[in-house]
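> This is the content of start-v1.txt (compact mmCIF, C-alpha atoms):
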# COMPACT_ATOMS: atom_id res chain seq x y z
CA MET Y 1 72.15 89.26 114.63
CA VAL Y 2 73.12 90.01 118.21
CA THR Y 3 75.40 87.55 119.97
CA LEU Y 4 75.24 87.39 123.75
CA ILE Y 5 78.63 87.35 125.36
CA PRO Y 6 78.28 85.18 128.46
CA GLY Y 7 79.58 86.28 131.82
CA ASP Y 8 79.04 88.98 134.37
CA ILE Y 9 79.93 92.59 133.59
CA THR Y 10 79.87 95.69 135.76
CA VAL Y 11 78.34 98.79 134.20
CA GLY Y 12 77.87 102.06 136.05
CA GLY Y 13 78.31 100.41 139.43
CA VAL Y 14 75.87 97.58 138.70
CA ARG Y 15 76.82 93.93 138.25
CA LEU Y 16 74.87 92.51 135.29
CA HIS Y 17 74.61 88.84 134.26
CA ASN Y 18 75.72 89.85 130.74
CA HIS Y 19 75.78 92.95 128.53
CA CYS Y 20 72.16 92.70 127.27
CA MET Y 21 69.60 94.79 129.18
CA LEU Y 22 65.87 95.27 128.96
CA ALA Y 23 65.29 99.00 128.50
CA ALA Y 24 62.66 100.95 130.42
CA GLY Y 25 59.21 100.54 128.94
CA VAL Y 26 56.18 98.35 128.53
CA LEU Y 27 57.83 95.07 129.63
CA GLY Y 28 58.99 96.65 132.88
CA THR Y 29 55.54 97.25 134.34
CA THR Y 30 55.38 94.26 136.71
CA GLY Y 31 57.78 92.31 138.88
CA ALA Y 32 56.67 89.15 137.08
CA SER Y 33 57.63 90.50 133.65
CA LEU Y 34 60.99 91.76 134.96
CA ALA Y 35 61.71 88.34 136.52
CA ARG Y 36 60.69 86.62 133.26
CA MET Y 37 63.14 88.76 131.28
CA LEU Y 38 65.97 87.93 133.70
CA LYS Y 39 65.12 84.23 133.55
CA SER Y 40 65.04 84.45 129.75
CA GLY Y 41 68.62 85.70 129.66
CA ALA Y 42 68.61 89.48 130.09
CA GLY Y 43 71.71 90.61 131.95
CA GLY Y 44 69.68 93.27 133.74
CA VAL Y 45 66.31 94.97 133.54
CA VAL Y 46 65.01 98.52 133.82
CA THR Y 47 61.54 99.22 135.19
CA LYS Y 48 58.89 101.35 133.56
CA SER Y 49 59.45 104.97 134.62
CA ILE Y 50 57.94 105.67 138.04
CA GLY Y 51 57.12 109.17 139.27
CA PRO Y 52 55.95 111.05 142.36
CA GLU Y 53 52.21 110.78 141.60
CA PRO Y 54 50.16 108.10 139.83
CA LYS Y 55 49.54 108.94 136.16
CA GLU Y 56 47.18 107.33 133.69
CA GLY Y 57 49.15 108.43 130.65
CA HIS Y 58 47.67 109.34 127.31
CA LYS Y 59 44.05 108.45 126.63
CA GLY Y 60 43.25 106.15 123.78
CA PRO Y 61 45.06 105.04 120.68
CA PRO Y 62 47.33 105.44 118.99
CA CYS Y 63 49.98 105.06 121.66
CA VAL Y 64 52.24 103.12 119.30
CA ALA Y 65 52.90 103.84 115.63
CA VAL Y 66 55.21 102.40 112.97
CA TYR Y 67 57.32 104.84 110.95
CA ASP Y 68 59.67 103.59 108.21
CA GLY Y 69 60.34 100.32 110.01
CA ALA Y 70 60.73 101.93 113.46
CA VAL Y 71 58.23 101.62 116.26
CA MET Y 72 57.53 104.78 118.25
CA ASN Y 73 55.47 105.02 121.40
CA ALA Y 74 53.94 107.92 123.28
CA MET Y 75 52.50 106.57 126.50
CA GLY Y 76 52.56 109.73 128.64
CA LEU Y 77 54.44 108.08 131.55
CA PRO Y 78 51.60 105.96 132.97
CA ASN Y 79 52.59 104.54 136.34
CA PRO Y 80 51.17 103.60 139.74
CA SER Y 81 53.80 105.70 141.58
CA ARG Y 82 54.89 104.42 145.00
CA GLU Y 83 52.58 101.37 144.75
CA PHE Y 84 55.01 99.92 142.20
CA ILE Y 85 57.61 99.17 144.87
CA ARG Y 86 55.70 96.03 145.92
CA GLU Y 87 56.31 94.62 142.44
CA LEU Y 88 60.01 94.39 143.28
CA ASP Y 89 59.70 92.30 146.46
CA GLY Y 90 60.83 89.09 144.75
CA LEU Y 91 63.70 90.77 142.89
CA VAL Y 92 65.82 92.23 145.71
CA GLY Y 93 69.46 91.59 144.84
CA ALA Y 94 68.73 91.02 141.13
CA PRO Y 95 70.19 93.41 138.52
CA VAL Y 96 67.15 95.72 138.48
CA ILE Y 97 67.43 99.41 137.69
CA ALA Y 98 64.47 101.65 138.57
CA SER Y 99 63.63 104.27 135.98
CA ILE Y 100 62.31 107.32 137.80
CA PHE Y 101 61.02 110.74 136.85
CA GLY Y 102 60.06 113.91 138.59
CA GLY Y 103 59.20 117.44 137.71
CA THR Y 104 59.87 120.71 139.39
CA PRO Y 105 61.18 121.07 141.98
CA PRO Y 106 64.07 118.61 141.53
CA GLU Y 107 63.39 117.34 145.05
CA GLU Y 108 60.78 115.05 143.48
CA PHE Y 109 63.68 112.99 142.11
CA GLY Y 110 65.07 112.60 145.61
CA GLU Y 111 61.69 111.57 147.01
CA VAL Y 112 61.10 108.89 144.37
CA ALA Y 113 64.73 107.70 144.52
CA ASP Y 114 64.42 107.08 148.27
CA TRP Y 115 61.50 104.69 147.68
CA PHE Y 116 63.85 102.34 145.79
CA ALA Y 117 66.80 102.28 148.22
CA GLY Y 118 67.43 98.65 149.18
CA LYS Y 119 65.11 97.41 146.41
CA VAL Y 120 67.13 97.99 143.22
CA GLN Y 121 70.77 98.18 142.17
CA ALA Y 122 70.66 101.62 140.51
CA LEU Y 123 68.41 104.41 139.28
CA GLU Y 124 67.83 105.67 135.75
CA LEU Y 125 66.68 109.29 135.69
CA ASN Y 126 64.21 109.75 132.86
CA LEU Y 127 65.11 113.20 131.55
CA SER Y 128 64.35 112.23 127.98
CA CYS Y 129 60.61 111.57 127.57
CA PRO Y 130 59.45 114.12 124.97
CA HIS Y 131 55.71 113.64 125.35
CA ALA Y 132 54.80 114.11 129.01
CA GLU Y 133 54.20 117.75 129.85
CA GLY Y 134 56.24 118.92 132.84
CA TYR Y 135 58.41 115.78 132.97
CA GLY Y 136 61.24 114.11 131.05
CA ALA Y 137 62.70 116.36 128.36
CA ALA Y 138 60.78 119.33 129.79
CA VAL Y 139 62.83 119.01 132.99
CA GLY Y 140 66.28 118.19 131.61
CA GLY Y 141 66.18 118.95 127.93
CA ALA Y 142 67.97 122.27 127.78
CA ASP Y 143 69.11 123.08 131.31
CA PRO Y 144 72.34 121.40 132.47
CA ASP Y 145 72.01 123.00 135.92
CA ARG Y 146 68.62 121.36 136.40
CA VAL Y 147 70.02 117.99 135.27
CA GLU Y 148 72.74 118.36 137.88
CA GLN Y 149 70.18 119.24 140.58
CA CYS Y 150 67.99 116.23 139.74
CA THR Y 151 71.04 113.95 139.71
CA ARG Y 152 72.29 115.28 143.03
CA MET Y 153 68.87 114.74 144.63
CA ALA Y 154 68.69 111.13 143.36
CA LYS Y 155 72.25 110.34 144.48
CA GLU Y 156 71.25 111.07 148.07
CA SER Y 157 69.51 107.66 147.97
CA GLY Y 158 72.97 106.05 147.99
CA LEU Y 159 72.27 104.20 144.72
CA PRO Y 160 74.28 104.54 141.50
CA VAL Y 161 72.51 107.00 139.20
CA TRP Y 162 72.34 106.75 135.42
CA VAL Y 163 70.95 109.77 133.57
CA LYS Y 164 68.93 109.19 130.39
CA LEU Y 165 69.10 112.47 128.46
CA THR Y 166 67.16 113.71 125.49
CA ARG Y 167 68.60 114.95 122.23
CA MET Y 168 67.59 118.58 121.99
Before we go any further, please render this structure as structure tokens.

Amino acid sequence: MVTLIPGDITVGGVRLHNHCMLAAGVLGTTGASLARMLKSGAGGVVTKSIGPEPKEGHKGPPCVAVYDGAVMNAMGLPNPSREFIRELDGLVGAPVIASIFGGTPPEEFGEVADWFAGKVQALELNLSCPHAEGYGAAVGGADPDRVEQCTRMAKESGLPVWVKLTRM
């Protein structure tokens, strides 16, 4: 059983309402769902990963499977790209972290990061997704220099940057 410890906490340059955060994923696809999670007690929320171009993601099921009591998903980074920013209009100032991704060149991270300046409190760089060709783990999985380049590009937005790495 998880016990919520009440009270604000600062993590990675972001002031959260408490230590419990909604991770990037399915519940972070709309501003309404992010607001609902904050109202329900999440200390902060992370958006679905947003990239430089709209993507539909993987076609058809299964996108979610259960393995030995664990739930795994393989969505393929579906996202509306820059159109997503409008979802955050009612959340400015709230503890929202935008999960972003890019490919090659690393400048894509800088481009997407700039969209979120003034809209969110921080950025999460998705360098971990193992199932989206040309993105995620394919960008940052085995090349520390590329991770540094992507991070540097995102930091130019002026926002705190959190890097979500893969295990490779």
> List every residue of region 74-98 of chain Y that has an atom at most 6 Å from any atom of region 44-58 of chain Y, giving for each one its closest atom pair and the distance in Å to one decimal, counting all atoms listed in the file, sorted by chain and then by ascending residue number, as CSV.

residue,atom,partner,partner_atom,distance
Y:Met75,CA,Y:His58,CA,5.6
Y:Gly76,CA,Y:Gly57,CA,4.2
Y:Leu77,CA,Y:Gly57,CA,5.4
Y:Pro78,CA,Y:Gly57,CA,4.2
Y:Asn79,CA,Y:Lys55,CA,5.4
Y:Pro80,CA,Y:Pro54,CA,4.6
Y:Ser81,CA,Y:Pro54,CA,4.7
Y:Pro95,CA,Y:Gly44,CA,4.8
Y:Val96,CA,Y:Val45,CA,5.1
Y:Ile97,CA,Y:Val46,CA,4.7
Y:Ala98,CA,Y:Thr47,CA,5.1
> Sort by chain and increasing residue number a table of all residues of region 93-164 of chain Y within 12 Å of region 18-37 of chain Y, each with its closest pair of atoms and their distance in Å to one decimal, counting all atoms listed in the file, and write it as JSON lines.

{"residue": "Y:Gly93", "atom": "CA", "partner": "Y:Ala35", "partner_atom": "CA", "distance": 11.8}
{"residue": "Y:Ala94", "atom": "CA", "partner": "Y:Ala35", "partner_atom": "CA", "distance": 8.8}
{"residue": "Y:Pro95", "atom": "CA", "partner": "Y:Met21", "partner_atom": "CA", "distance": 9.5}
{"residue": "Y:Val96", "atom": "CA", "partner": "Y:Leu34", "partner_atom": "CA", "distance": 8.1}
{"residue": "Y:Ile97", "atom": "CA", "partner": "Y:Ala24", "partner_atom": "CA", "distance": 8.8}
{"residue": "Y:Ala98", "atom": "CA", "partner": "Y:Ala24", "partner_atom": "CA", "distance": 8.4}
{"residue": "Y:Ser99", "atom": "CA", "partner": "Y:Ala24", "partner_atom": "CA", "distance": 6.5}
{"residue": "Y:Ile100", "atom": "CA", "partner": "Y:Ala24", "partner_atom": "CA", "distance": 9.8}
{"residue": "Y:Phe101", "atom": "CA", "partner": "Y:Ala24", "partner_atom": "CA", "distance": 11.8}
{"residue": "Y:Lys119", "atom": "CA", "partner": "Y:Gly31", "partner_atom": "CA", "distance": 11.7}
{"residue": "Y:Val120", "atom": "CA", "partner": "Y:Gly31", "partner_atom": "CA", "distance": 11.8}
{"residue": "Y:Leu123", "atom": "CA", "partner": "Y:Ala24", "partner_atom": "CA", "distance": 11.1}
{"residue": "Y:Glu124", "atom": "CA", "partner": "Y:Ala24", "partner_atom": "CA", "distance": 8.8}
{"residue": "Y:Leu125", "atom": "CA", "partner": "Y:Ala24", "partner_atom": "CA", "distance": 10.7}
{"residue": "Y:Asn126", "atom": "CA", "partner": "Y:Ala24", "partner_atom": "CA", "distance": 9.3}
{"residue": "Y:Ser128", "atom": "CA", "partner": "Y:Ala24", "partner_atom": "CA", "distance": 11.7}
{"residue": "Y:Cys129", "atom": "CA", "partner": "Y:Ala24", "partner_atom": "CA", "distance": 11.2}
{"residue": "Y:Lys164", "atom": "CA", "partner": "Y:Ala24", "partner_atom": "CA", "distance": 10.4}
> When you count only C-alpha atoms, which of these residues is closest to Ile5 (chain Y): Y:Gly43, Y:Ala65, Y:Leu38, Y:Thr166?
Y:Gly43
> Quick check, in Å to one decimal: how far apart do CA of Val161 (chain Y) and CA of Glu107 (chain Y) lie?
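Interatomic distance here is 15.0 Å.
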> Nearest residue to Gly118 (chain Y) out of Y:Gly102, Y:Pro144, Y:Gly7, Y:Pro160, using all atoms listed in the file?
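Closest candidate: Y:Pro160.
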> Could you tell me how far CA of Pro6 (chain Y) sits from CA of Leu88 (chain Y), in Å to one decimal place?
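About the pair CA of Leu88 (chain Y) and CA of Pro6 (chain Y): they are 25.3 Å apart.
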> Tell me, in Å to one decimal, how far CA of Leu165 (chain Y) is from CA of Arg82 (chain Y).
23.2 Å
> Tell me which of Y:Asp68, Y:Asp8, Y:Glu111, Y:Asp89 sits closest to Cys150 (chain Y), counting all atoms listed in the file.
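Distance minimum relative to Cys150 (chain Y) lands on Y:Glu111.
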> Supply region 50-70 of chain Y as a PDB file, in the frame of the given file, with N, CA and C atoms built in where the input has gaps.

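See selection-v4.pdb below for the written result:
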ATOM      1  N   ILE Y  50      58.820 105.458 136.894  1.00  0.00           N
ATOM      2  CA  ILE Y  50      57.940 105.670 138.040  1.00  0.00           C
ATOM      3  C   ILE Y  50      58.147 107.092 138.541  1.00  0.00           C
ATOM      4  N   GLY Y  51      57.031 107.784 138.831  1.00  0.00           N
ATOM      5  CA  GLY Y  51      57.120 109.170 139.270  1.00  0.00           C
ATOM      6  C   GLY Y  51      56.434 109.430 140.592  1.00  0.00           C
ATOM      7  N   PRO Y  52      56.419 110.684 141.021  1.00  0.00           N
ATOM      8  CA  PRO Y  52      55.950 111.050 142.360  1.00  0.00           C
ATOM      9  C   PRO Y  52      54.448 110.891 142.569  1.00  0.00           C
ATOM     10  N   GLU Y  53      53.676 110.919 141.513  1.00  0.00           N
ATOM     11  CA  GLU Y  53      52.210 110.780 141.600  1.00  0.00           C
ATOM     12  C   GLU Y  53      51.752 109.767 140.557  1.00  0.00           C
ATOM     13  N   PRO Y  54      50.694 109.001 140.851  1.00  0.00           N
ATOM     14  CA  PRO Y  54      50.160 108.100 139.830  1.00  0.00           C
ATOM     15  C   PRO Y  54      49.717 108.889 138.594  1.00  0.00           C
ATOM     16  N   LYS Y  55      49.967 108.322 137.420  1.00  0.00           N
ATOM     17  CA  LYS Y  55      49.540 108.940 136.160  1.00  0.00           C
ATOM     18  C   LYS Y  55      48.901 107.871 135.283  1.00  0.00           C
ATOM     19  N   GLU Y  56      47.845 108.244 134.624  1.00  0.00           N
ATOM     20  CA  GLU Y  56      47.180 107.330 133.690  1.00  0.00           C
ATOM     21  C   GLU Y  56      47.842 107.308 132.332  1.00  0.00           C
ATOM     22  N   GLY Y  57      48.544 108.352 131.972  1.00  0.00           N
ATOM     23  CA  GLY Y  57      49.150 108.430 130.650  1.00  0.00           C
ATOM     24  C   GLY Y  57      48.158 108.943 129.636  1.00  0.00           C
ATOM     25  N   HIS Y  58      48.527 108.834 128.380  1.00  0.00           N
ATOM     26  CA  HIS Y  58      47.670 109.340 127.310  1.00  0.00           C
ATOM     27  C   HIS Y  58      46.405 108.500 127.172  1.00  0.00           C
ATOM     28  N   LYS Y  59      45.333 109.140 126.835  1.00  0.00           N
ATOM     29  CA  LYS Y  59      44.050 108.450 126.630  1.00  0.00           C
ATOM     30  C   LYS Y  59      43.967 107.958 125.193  1.00  0.00           C
ATOM     31  N   GLY Y  60      43.599 106.715 125.069  1.00  0.00           N
ATOM     32  CA  GLY Y  60      43.250 106.150 123.780  1.00  0.00           C
ATOM     33  C   GLY Y  60      44.366 106.039 122.757  1.00  0.00           C
ATOM     34  N   PRO Y  61      44.078 105.263 121.725  1.00  0.00           N
ATOM     35  CA  PRO Y  61      45.060 105.040 120.680  1.00  0.00           C
ATOM     36  C   PRO Y  61      45.174 106.264 119.775  1.00  0.00           C
ATOM     37  N   PRO Y  62      46.227 106.382 118.977  1.00  0.00           N
ATOM     38  CA  PRO Y  62      47.330 105.440 118.990  1.00  0.00           C
ATOM     39  C   PRO Y  62      48.378 105.826 120.032  1.00  0.00           C
ATOM     40  N   CYS Y  63      48.860 104.861 120.752  1.00  0.00           N
ATOM     41  CA  CYS Y  63      49.980 105.060 121.660  1.00  0.00           C
ATOM     42  C   CYS Y  63      51.255 104.515 121.051  1.00  0.00           C
ATOM     43  N   VAL Y  64      51.098 103.696 120.001  1.00  0.00           N
ATOM     44  CA  VAL Y  64      52.240 103.120 119.300  1.00  0.00           C
ATOM     45  C   VAL Y  64      51.985 103.273 117.805  1.00  0.00           C
ATOM     46  N   ALA Y  65      53.020 103.688 117.073  1.00  0.00           N
ATOM     47  CA  ALA Y  65      52.900 103.840 115.630  1.00  0.00           C
ATOM     48  C   ALA Y  65      54.187 103.357 114.970  1.00  0.00           C
ATOM     49  N   VAL Y  66      54.060 102.867 113.736  1.00  0.00           N
ATOM     50  CA  VAL Y  66      55.210 102.400 112.970  1.00  0.00           C
ATOM     51  C   VAL Y  66      55.541 103.456 111.920  1.00  0.00           C
ATOM     52  N   TYR Y  67      56.827 103.865 111.903  1.00  0.00           N
ATOM     53  CA  TYR Y  67      57.320 104.840 110.950  1.00  0.00           C
ATOM     54  C   TYR Y  67      58.563 104.291 110.278  1.00  0.00           C
ATOM     55  N   ASP Y  68      58.503 104.052 108.962  1.00  0.00           N
ATOM     56  CA  ASP Y  68      59.670 103.590 108.210  1.00  0.00           C
ATOM     57  C   ASP Y  68      60.434 102.469 108.907  1.00  0.00           C
ATOM     58  N   GLY Y  69      59.714 101.475 109.397  1.00  0.00           N
ATOM     59  CA  GLY Y  69      60.340 100.320 110.010  1.00  0.00           C
ATOM     60  C   GLY Y  69      60.696 100.500 111.475  1.00  0.00           C
ATOM     61  N   ALA Y  70      60.470 101.680 112.034  1.00  0.00           N
ATOM     62  CA  ALA Y  70      60.730 101.930 113.460  1.00  0.00           C
ATOM     63  C   ALA Y  70      59.411 101.974 114.200  1.00  0.00           C
TER      64      ALA Y  70
END
